[in-house]
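> One structure, pasted below without further comment.
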Amino acid sequence: MTLAELVRATEWVEVQAALTGLFPEERSRVSDYQGVFRTLRAMEPEANLMRISIEVRPVQGCQDDPVPEVFGRNGTLNRELADCPVSELEAEYGLTETAYSLSLQPWRNWLGTMIEPGTLGAYSHGQIIAYVIVDMTFHGFSEAENQAVLEELQRRMAEIDIKTDGGESET
């Protein structure tokens with residue numbers, strides 16, 4: 001099942017109940033989330049190779065109880081990434097499927113993403129949509145706001161690359 005199929009098969013009241021139950025601090029923004037939900041219902045999905053997974057993973061060094069987080073997975077193992085430490089290539093970390101943040105992805109891509117069967121089995125439809133909508137609006141309640149954040153991050157990364165490349169070529 002894709003996110004688009006899930007959104008179209010779920011009523012807002014179920015999402016709102018899950019949203020206010022899971023994220024009570026977001027109660028004042030329920031109408032903003034409802035606007036996003038309506039926008040998603042009206043959009044056409046774009047096929048995507050990622051799969052949406054909601055997982056509870058402990059954070060090393062953090063004493064707080066782990067909370068469910070939204071990740072994207074596409075079959076890539078950590079050891080296949082260019083920046084995977086050589087010592088980790090065959091270790092458990094290297095053999096684990098890479099988890100990606102989807103928060104700055106275009107919403108059409110989100111909609112075309114399949115939802116992991118384990119996620120569908122562990123959470124209600126309203127809960128899945130609530131987790132996803134909170135994640136996809138982390139940087140703003142519109143794609144324009146998300147795009148502005150993405151462009152700023154890309155600008156900063158390019159600036160760092162220029163400084164790094166420039167520093168190496170001067171030596």
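We name chains A, B, ... following the order of the structure tokens; residues begin at 1 in each chain, and ligands are numbered from 1 as shown.
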Find the residues around Thr10 in chain A up to 12 Å (only C-alpha atoms counted), leave out those fewer than 2 positions away in its own chain, and share them as a short mmCIF file (atom, residue, chain, number, x, y, z; two decimals) with all heavy atoms, in the first residue's frame.

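Contents of selection_24.cif, as written:
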data_model
loop_
_atom_site.label_atom_id
_atom_site.label_comp_id
_atom_site.auth_asym_id
_atom_site.auth_seq_id
_atom_site.Cartn_x
_atom_site.Cartn_y
_atom_site.Cartn_z
N LEU A 3 1.46 5.48 0.40
CA LEU A 3 0.94 6.50 1.30
C LEU A 3 -0.31 7.14 0.69
O LEU A 3 -1.27 7.41 1.40
CB LEU A 3 2.00 7.56 1.59
CG LEU A 3 1.54 8.69 2.51
CD1 LEU A 3 1.12 8.16 3.87
CD2 LEU A 3 2.64 9.73 2.65
N ALA A 4 -0.33 7.36 -0.62
CA ALA A 4 -1.50 7.95 -1.27
C ALA A 4 -2.74 7.08 -1.05
O ALA A 4 -3.82 7.60 -0.73
CB ALA A 4 -1.25 8.13 -2.77
N GLU A 5 -2.59 5.79 -1.20
CA GLU A 5 -3.72 4.88 -0.98
C GLU A 5 -4.18 4.93 0.47
O GLU A 5 -5.39 4.93 0.75
CB GLU A 5 -3.33 3.45 -1.37
CG GLU A 5 -3.09 3.28 -2.85
CD GLU A 5 -2.39 1.97 -3.21
OE1 GLU A 5 -1.66 1.41 -2.35
OE2 GLU A 5 -2.58 1.52 -4.35
N LEU A 6 -3.24 5.00 1.38
CA LEU A 6 -3.58 5.06 2.80
C LEU A 6 -4.31 6.36 3.13
O LEU A 6 -5.32 6.35 3.84
CB LEU A 6 -2.31 4.93 3.65
CG LEU A 6 -2.54 4.81 5.14
CD1 LEU A 6 -3.15 3.46 5.50
CD2 LEU A 6 -1.21 4.99 5.87
N VAL A 7 -3.81 7.47 2.62
CA VAL A 7 -4.43 8.77 2.88
C VAL A 7 -5.86 8.79 2.33
O VAL A 7 -6.78 9.26 3.01
CB VAL A 7 -3.58 9.92 2.28
CG1 VAL A 7 -4.34 11.23 2.23
CG2 VAL A 7 -2.28 10.08 3.07
N ARG A 8 -6.05 8.27 1.14
CA ARG A 8 -7.39 8.28 0.54
C ARG A 8 -8.36 7.32 1.22
O ARG A 8 -9.57 7.52 1.15
CB ARG A 8 -7.28 7.99 -0.95
CG ARG A 8 -6.62 9.15 -1.67
CD ARG A 8 -6.52 8.97 -3.16
NE ARG A 8 -5.85 10.15 -3.73
CZ ARG A 8 -4.91 10.09 -4.63
NH1 ARG A 8 -4.51 8.92 -5.11
NH2 ARG A 8 -4.37 11.19 -5.09
N TRP A 12 -10.17 12.02 8.08
CA TRP A 12 -9.44 12.99 8.88
C TRP A 12 -9.67 12.77 10.38
O TRP A 12 -8.74 12.91 11.17
CB TRP A 12 -9.77 14.42 8.48
CG TRP A 12 -9.22 15.39 9.48
CD1 TRP A 12 -9.91 16.18 10.35
CD2 TRP A 12 -7.83 15.64 9.76
NE1 TRP A 12 -9.04 16.90 11.15
CE2 TRP A 12 -7.76 16.58 10.80
CE3 TRP A 12 -6.64 15.14 9.23
CZ2 TRP A 12 -6.55 17.05 11.31
CZ3 TRP A 12 -5.43 15.61 9.74
CH2 TRP A 12 -5.40 16.55 10.78
N VAL A 13 -10.88 12.42 10.81
CA VAL A 13 -11.14 12.27 12.24
C VAL A 13 -10.22 11.23 12.86
O VAL A 13 -9.77 11.39 14.00
CB VAL A 13 -12.63 11.94 12.54
CG1 VAL A 13 -13.53 13.11 12.20
CG2 VAL A 13 -13.08 10.70 11.84
N GLU A 14 -9.90 10.17 12.12
CA GLU A 14 -8.98 9.14 12.63
C GLU A 14 -7.56 9.70 12.75
O GLU A 14 -6.85 9.45 13.72
CB GLU A 14 -8.99 7.91 11.74
CG GLU A 14 -8.13 6.79 12.26
CD GLU A 14 -8.10 5.56 11.37
OE1 GLU A 14 -8.91 5.43 10.43
OE2 GLU A 14 -7.21 4.72 11.61
N VAL A 15 -7.16 10.47 11.76
CA VAL A 15 -5.83 11.08 11.77
C VAL A 15 -5.74 12.10 12.90
O VAL A 15 -4.75 12.13 13.64
CB VAL A 15 -5.51 11.74 10.41
CG1 VAL A 15 -4.15 12.44 10.45
CG2 VAL A 15 -5.57 10.72 9.29
N GLN A 16 -6.77 12.92 13.05
CA GLN A 16 -6.77 13.93 14.10
C GLN A 16 -6.68 13.30 15.49
O GLN A 16 -5.92 13.77 16.34
CB GLN A 16 -8.02 14.80 14.01
CG GLN A 16 -8.05 15.90 15.04
CD GLN A 16 -9.26 16.80 14.91
OE1 GLN A 16 -10.02 16.73 13.96
NE2 GLN A 16 -9.45 17.67 15.89
N ALA A 17 -7.42 12.24 15.71
CA ALA A 17 -7.37 11.56 17.01
C ALA A 17 -5.97 11.02 17.27
O ALA A 17 -5.43 11.15 18.38
CB ALA A 17 -8.41 10.44 17.05
N ALA A 18 -5.36 10.42 16.26
CA ALA A 18 -4.00 9.89 16.41
C ALA A 18 -3.01 11.03 16.63
O ALA A 18 -2.13 10.95 17.50
CB ALA A 18 -3.61 9.07 15.19
N PHE A 37 -3.23 17.41 5.11
CA PHE A 37 -3.97 16.18 4.78
C PHE A 37 -4.84 16.38 3.55
O PHE A 37 -4.83 15.55 2.63
CB PHE A 37 -4.81 15.76 6.00
CG PHE A 37 -5.59 14.50 5.79
CD1 PHE A 37 -4.98 13.26 5.89
CD2 PHE A 37 -6.95 14.54 5.52
CE1 PHE A 37 -5.70 12.08 5.70
CE2 PHE A 37 -7.69 13.38 5.34
CZ PHE A 37 -7.05 12.14 5.43
N ARG A 38 -5.56 17.48 3.50
CA ARG A 38 -6.42 17.78 2.33
C ARG A 38 -5.58 17.94 1.07
O ARG A 38 -5.96 17.47 0.00
CB ARG A 38 -7.25 19.03 2.59
CG ARG A 38 -8.35 18.82 3.58
CD ARG A 38 -9.14 20.09 3.78
NE ARG A 38 -10.24 19.87 4.69
CZ ARG A 38 -10.79 20.81 5.43
NH1 ARG A 38 -10.34 22.06 5.37
NH2 ARG A 38 -11.79 20.52 6.24
N LEU A 40 -2.69 16.56 0.46
CA LEU A 40 -2.19 15.24 0.07
C LEU A 40 -3.28 14.43 -0.63
O LEU A 40 -3.01 13.72 -1.60
CB LEU A 40 -1.68 14.48 1.29
CG LEU A 40 -0.46 15.06 1.99
CD1 LEU A 40 -0.14 14.26 3.25
CD2 LEU A 40 0.74 15.11 1.04
N ARG A 41 -4.50 14.54 -0.15
CA ARG A 41 -5.61 13.80 -0.77
C ARG A 41 -5.84 14.23 -2.21
O ARG A 41 -6.25 13.42 -3.03
CB ARG A 41 -6.90 14.01 0.02
CG ARG A 41 -7.04 13.07 1.17
CD ARG A 41 -8.45 13.06 1.63
NE ARG A 41 -8.74 11.70 2.08
CZ ARG A 41 -9.87 11.34 2.59
NH1 ARG A 41 -10.85 12.20 2.69
NH2 ARG A 41 -10.05 10.10 2.99
N SER A 124 -2.03 1.90 13.50
CA SER A 124 -3.29 2.13 12.79
C SER A 124 -3.03 3.07 11.61
O SER A 124 -2.00 3.75 11.56
CB SER A 124 -4.32 2.77 13.73
OG SER A 124 -3.99 4.13 13.99
N HIS A 125 -3.97 3.11 10.69
CA HIS A 125 -3.81 4.01 9.54
C HIS A 125 -3.68 5.46 10.01
O HIS A 125 -2.84 6.21 9.50
CB HIS A 125 -4.99 3.85 8.60
CG HIS A 125 -4.98 2.55 7.88
ND1 HIS A 125 -5.93 2.21 6.95
CD2 HIS A 125 -4.15 1.48 7.94
CE1 HIS A 125 -5.68 1.00 6.48
NE2 HIS A 125 -4.61 0.54 7.08
N GLY A 126 -4.51 5.86 10.97
CA GLY A 126 -4.44 7.22 11.49
C GLY A 126 -3.09 7.53 12.12
O GLY A 126 -2.55 8.62 11.94
N GLN A 127 -2.53 6.57 12.85
CA GLN A 127 -1.22 6.78 13.47
C GLN A 127 -0.12 6.92 12.42
O GLN A 127 0.74 7.79 12.54
CB GLN A 127 -0.89 5.61 14.40
CG GLN A 127 -1.71 5.58 15.67
CD GLN A 127 -1.47 4.31 16.47
OE1 GLN A 127 -1.27 3.23 15.91
NE2 GLN A 127 -1.51 4.44 17.78
N ILE A 128 -0.15 6.07 11.40
CA ILE A 128 0.87 6.16 10.34
C ILE A 128 0.82 7.53 9.69
O ILE A 128 1.85 8.20 9.53
CB ILE A 128 0.68 5.04 9.29
CG1 ILE A 128 0.95 3.67 9.92
CG2 ILE A 128 1.59 5.28 8.08
CD1 ILE A 128 0.55 2.50 9.05
N ILE A 129 -0.37 7.96 9.33
CA ILE A 129 -0.51 9.26 8.67
C ILE A 129 -0.08 10.38 9.61
O ILE A 129 0.60 11.33 9.19
CB ILE A 129 -1.94 9.47 8.14
CG1 ILE A 129 -2.22 8.44 7.03
CG2 ILE A 129 -2.12 10.89 7.62
CD1 ILE A 129 -3.68 8.36 6.62
N ALA A 130 -0.42 10.29 10.90
CA ALA A 130 -0.01 11.32 11.86
C ALA A 130 1.51 11.40 11.95
O ALA A 130 2.08 12.50 11.87
CB ALA A 130 -0.62 11.02 13.24
#
> Near range 72-77 of chain A, counting only C-alpha atoms, which residues have an atom at most 12 Å away, once you skip same-chain residues fewer than 3 positions from it, shown as a VMD selection string?
chain A and resid 48 to 55 69 80 to 84 88 to 105 109 to 110 113 to 116 119 132 135 to 136
> Which residues are close to Gly112 in chain A, i.e. within 6 Å by only C-alpha atoms, leaving aside same-chain residues fewer than 4 positions away? Reply as a list of chain:residue names.
A:Thr2, A:Pro45, A:Glu46, A:Ala47, A:Asn48
> Write the residues of the selection above to a file with C-alpha atoms, as a short mmCIF file (atom, residue, chain, number, x, y, z; two decimals), in the first residue's frame.

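Output file selection05.cif follows:
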data_model
loop_
_atom_site.label_atom_id
_atom_site.label_comp_id
_atom_site.auth_asym_id
_atom_site.auth_seq_id
_atom_site.Cartn_x
_atom_site.Cartn_y
_atom_site.Cartn_z
CA THR A 2 1.31 3.46 -0.89
CA PRO A 45 1.55 10.47 -6.30
CA GLU A 46 4.90 10.08 -8.01
CA ALA A 47 6.38 6.59 -7.96
CA ASN A 48 9.24 6.24 -5.52
#
> Please return, as a list in words, all residues of range 1-168 of chain A that DSSP assigns to strand (DSSP E or B) on the basis of the backbone.
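The strand (DSSP E or B) residues within range 1-168 of chain A come out as Thr2, Arg51, Ile52, Ser53, Ile54, Glu55, Val56, Pro68, Glu69, Val70, Phe71, Gly72, Arg73, Leu77, Glu97, Tyr100, Met114 and Ile115 of chain A.
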> Between CA of Phe71 in chain A and CA of Arg108 in chain A, what distance in Å does the model show, to one decimal?
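Those two atoms sit 16.4 Å apart.
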> Give the answer as one residue: which of A:Ile133, A:Leu153, A:Leu120, A:Met1 has the shortest atom-to-atom distance to Val30 in chain A, using only C-alpha atoms?
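The answer is A:Ile133, which sits nearest to Val30 in chain A.
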